[in-house]
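Visitor: Dropping a structure here in C-alpha cells format, bear with me for questions.
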Amino acid sequence: MMSESAVSVLPEELRERDQWVCWKEEPRDGKPTKIPVTPGSGAFASSTDPETWASFETALEYADTGNADGIGFVFTDDDPIVGVDLDDCRDPASDDVDDTALDIIERLDSYTEISPSGTGFHVLIKGELPDGRNRRGSIELYDTARFFTVTGDRLEDTPTCVARRQDALVAIHREYVQDSDPDPEHESGNRRSMDVTKTTGSAAHTDVDLEDEDLLERARNASNGEKFERLWRGSTAGYESQSEADMALCCLLAFWTGGDLQQMDRLFRQSGLLRNKWDEVHYADGSTYGEKTIERAVASISEFYDPDTRETATESAPRTSEPSTTASRDKSDRKQNRAYLIEKNRLLTGRVDELEATLEQKNERIDLLEATIEDLKTELAERNREIKQTREEQVDTASDCDTASETSSLWGRLFGESSK
C-alpha cells in the first residue's frame with residue numbers, strides 16, 4: 001500500500017495521465033517477475049493495449065485492496081516521458097550507490113525514486129530517446145511499450161517534477177548505452193579521473209601560464225565574451241539546470257586555462273555560480289561535485305587556448321597588411337570557437353525545446369479560454385431567455401389587472417345609477 005506522503009510526492013504530470021496499471025510479483029524461471037495486471041479486473045495487462053490501463057486513482061484503489069503488489073506507469077508514443085532504469089547499483093543496508101548511477105542521476109537531475117527491491121533507481125525525464133540500443137548491462141532506457149513500477153519513494157535531494165533533459169539524455173545514451181566502442185574523450189570512472197589529474201604538459205593540457213586577471217580579461221574580450229560574462233556573474237538563463245551552467249563555465253575555463261585543473265577550480269570559486277554543492281562529496285571514490293565537473297569539462301574539450309601561437313601570429317603580421325592580419329585573427333577565432341560548437345548547439349536545442357513547451361502551454365491555455373467563453377455565451381443566452389420570459393409574464397399580469405379594473409368600474413357605474 002502506498003502511503004499518502006508517497007502519493008503526494010508523485011509528479012502531477014504522471015498522475016493526470018490515464019496510463020496506469022497494477023502489478024503482481026510472480027516467479028518466472030526461478031526469478032521474481034513483476035506481471036502487469038488490469039486495475040479492477042486483475043486480468044493480465046498489456047503495455048501496448050490502452051484498454052487494460054486506468055487512471056492513477058483507479059490503479060491505486062485496486063492496489064490498496066491487496067489484490068496487487070503495486071502500481072506502474074506505462075510509457076507510450078503519445079507522451080514525452082522517458083524512463084531510465086538503473087538496476088543493482090544500490091546497497092539497501094548502507095545506502096551506498098555506485099559511481100555510474102550517481103553520475104547519471106546527477107546529470108539527469110529529475111524525479112528519481114528507489115525501486116521496489118531497494119537495489120536500484122527509476123529516473124523519469126522528458127525527452128526523446130535516441131536511436132540505437134536502449135540497454136547495456138544494468139542500464140535500460142524506455143519511452144514506449146513498457147511500464148515502470150512506481151513507489152513514491154523519492155530519492156532525497158532530487159527534483160519533485162519530471163524535468164526536460166534532452167541533452168543529458170543524449171549524452172548518457174552515447175556514453176553508457178549505445179552500441180559502439182567507448183570514446184576515450186568520454187570514458188567514465190576512476191581510471192579516467194586519474195589520467196586527467198596526471199596529464200600536466202600532455203595533449204590534454206596546454207601550458208597557458210596566464211595570471212587570473214589577464215586570463216579573465218581575454219575571456220571577456222573574446223567573440224563569446226558576453227556568454228562568459230553571464231556565466232561568470234552567476235546567470236543560469238538558457239540552461240536546464242545550474243549543473244548545466246556549471247559545466248558550460250567549466251568548459252570555457254578549461255579552454256582558457258589549457259586544462260589546468262587547479263586554476264579552473266580557483267577561478268570557478270570566484271564566479272557567481274559557486275555554491276556549497278561544489279565541495280560536497282558525490283561519488284564513491286571520494287570525488288566532490290566540483291572535482292568531477294572540472295574533470296568532465298577537460299575531457300570534453302579537444303582544443304585549448306595557445307597564447308604563444310595567437311600572439312606570434314599577430315605580432316609577425318605586417319602592420320600595413322590588413323588582409324593578412326584579418327586572416328590570422330579569423331583563423332585564431334575559428335580555432336577557439338570550434339571548441340564550443342557542440343556546447344552552443346546544445347544550448348540552442350535546449351532553447352528550442354523550452355520554447356516549444358511554452359507554446360504548447362499557451363495553446364492549452366487558449367483552448368481553455370475558448371471553452372470558457374463558449375460556456376459563458378451559453379449561460380448568457382439562458383439568462384437572456386429567462387429575463388425575456390419573466391418580462392412577458394409581467395406584461396400579461398399587468399394586462400389582466402387592467403381588464404379587471406375596467407370591468408369593476410363598469411359594473412359600479414351601472415349598479416350605482418340603478419340604485420339612484
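Numbering starts fresh at 1 for the residues of each chain in the C-alpha cells, the chains themselves are lettered A, B, ... in the order given, and ligands are numbered from 1 as they appear.
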Could you list, as JSON, numbers by chain, every residue within 12 Å of A:Glu128, counting only C-alpha atoms and ignoring same-chain residues fewer than 3 positions away?

Guide: {"A": [76, 77, 78, 79, 80, 81, 82, 83, 125, 131, 141, 142, 143, 144, 164, 165, 166, 167, 168, 169, 170, 173, 353]}

Visitor: Which is closest to A:Val84 among A:Ile172, A:Pro159, A:Lys34, A:Ala43, if we use only C-alpha atoms?

Guide: A:Ile172

Visitor: So the first atom is atom CA of A:Glu226 and the second is atom CA of A:Ser300; what is the distance between them in Å, to one decimal place?

Guide: 21.7 Å

Visitor: Tell me which protein, DNA and RNA residues are within 9 Å of A:Leu261, counting only C-alpha atoms, leaving out same-chain ones fewer than 3 positions away, and put them as a ChimeraX atom specification.

Guide: /A:196-197,254,257-258,264-266,291,294-295,298

Visitor: With only C-alpha atoms as the counted atoms, please give the residues lying no more than 12 Å from A:Ala68, apart from itself and same-chain residues fewer than 6 positions off, as a list in words.

Guide: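 So, after excluding close chain neighbours, the residues are Met1, Met2, Val21, Cys22, Trp23, Lys24, Glu25, Glu26, Lys34, Ile35, Pro36, Val37, Thr38, Pro39, Gly40, Ser41, Gly42, Ala43, Phe44, Ala59, Leu60, Glu61, Tyr62 and Thr149 of chain A.
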
Visitor: With DSSP run on the backbone, what are the strand (DSSP E or B) residues within stretch 1-79 of chain A? I'd like them as a tab-separated table (two decimals) with C-alpha atoms, in the first residue's frame.

Guide:
```tsv
chain	number	residue	atom	x	y	z
A	20	TRP	CA	-1.59	3.21	-15.07
A	21	VAL	CA	-1.60	-0.50	-14.39
A	22	CYS	CA	-1.10	-2.62	-11.31
A	23	TRP	CA	1.43	-5.42	-10.92
A	24	LYS	CA	1.91	-8.69	-9.09
A	25	GLU	CA	5.20	-10.40	-8.36
A	26	GLU	CA	5.31	-13.97	-9.61
A	27	PRO	CA	8.18	-16.45	-10.06
A	28	ARG	CA	9.27	-16.92	-13.69
A	31	LYS	CA	13.25	-15.37	-10.70
A	32	PRO	CA	10.68	-12.99	-9.21
A	33	THR	CA	8.96	-11.14	-12.08
A	34	LYS	CA	6.56	-8.21	-11.97
A	35	ILE	CA	3.48	-9.06	-14.04
A	36	PRO	CA	1.22	-6.15	-15.13
A	37	VAL	CA	-2.48	-6.58	-14.31
A	44	PHE	CA	-3.28	-9.58	-17.48
A	54	ALA	CA	-6.70	3.03	-15.96
A	70	GLY	CA	1.86	-2.13	-6.53
A	71	ILE	CA	1.15	0.24	-9.39
A	72	GLY	CA	3.04	1.11	-12.57
A	73	PHE	CA	3.18	3.81	-15.24
A	74	VAL	CA	3.03	2.84	-18.95
A	75	PHE	CA	5.23	4.69	-21.47
```

Visitor: Identify, with DSSP run on backbone atoms, the residues in stretch 214-262 of chain A assigned to helix (DSSP H, G or I), and express the list as a PyMOL selection string.

Guide: chain A and resi 214-221+225-233+242-257+261-262

Visitor: Go ahead and write the selection's residues with C-alpha atoms as an mmCIF file, in the first residue's frame.

Guide:
```cif
data_model
loop_
_atom_site.group_PDB
_atom_site.id
_atom_site.type_symbol
_atom_site.label_atom_id
_atom_site.label_comp_id
_atom_site.auth_asym_id
_atom_site.auth_seq_id
_atom_site.Cartn_x
_atom_site.Cartn_y
_atom_site.Cartn_z
ATOM 1 C CA ASP A 214 44.839 38.531 -17.597
ATOM 2 C CA LEU A 215 43.039 35.306 -18.451
ATOM 3 C CA LEU A 216 39.665 36.715 -17.392
ATOM 4 C CA GLU A 217 40.229 39.839 -19.480
ATOM 5 C CA ARG A 218 40.946 37.760 -22.595
ATOM 6 C CA ALA A 219 37.921 35.555 -21.977
ATOM 7 C CA ARG A 220 35.652 38.617 -21.651
ATOM 8 C CA ASN A 221 37.039 40.176 -24.839
ATOM 9 C CA GLY A 225 32.820 37.003 -24.117
ATOM 10 C CA GLU A 226 29.228 38.018 -23.431
ATOM 11 C CA LYS A 227 28.295 34.411 -22.697
ATOM 12 C CA PHE A 228 31.355 34.008 -20.467
ATOM 13 C CA GLU A 229 30.445 37.167 -18.546
ATOM 14 C CA ARG A 230 26.846 35.987 -17.975
ATOM 15 C CA LEU A 231 28.027 32.677 -16.550
ATOM 16 C CA TRP A 232 30.758 34.372 -14.547
ATOM 17 C CA ARG A 233 28.161 36.623 -12.895
ATOM 18 C CA GLN A 242 22.515 25.085 -12.627
ATOM 19 C CA SER A 243 24.558 21.917 -13.119
ATOM 20 C CA GLU A 244 24.357 22.528 -16.887
ATOM 21 C CA ALA A 245 25.521 26.120 -16.352
ATOM 22 C CA ASP A 246 28.361 24.908 -14.114
ATOM 23 C CA MET A 247 29.536 22.587 -16.874
ATOM 24 C CA ALA A 248 29.320 25.352 -19.502
ATOM 25 C CA LEU A 249 31.506 27.703 -17.462
ATOM 26 C CA CYS A 250 33.987 24.915 -16.700
ATOM 27 C CA CYS A 251 34.270 24.142 -20.432
ATOM 28 C CA LEU A 252 35.145 27.786 -21.068
ATOM 29 C CA LEU A 253 37.641 27.783 -18.216
ATOM 30 C CA ALA A 254 39.154 24.530 -19.496
ATOM 31 C CA PHE A 255 39.832 26.188 -22.856
ATOM 32 C CA TRP A 256 41.349 29.372 -21.439
ATOM 33 C CA THR A 257 43.451 27.655 -18.741
ATOM 34 C CA LEU A 261 42.631 21.794 -13.020
ATOM 35 C CA GLN A 262 43.882 23.905 -10.126
#
```
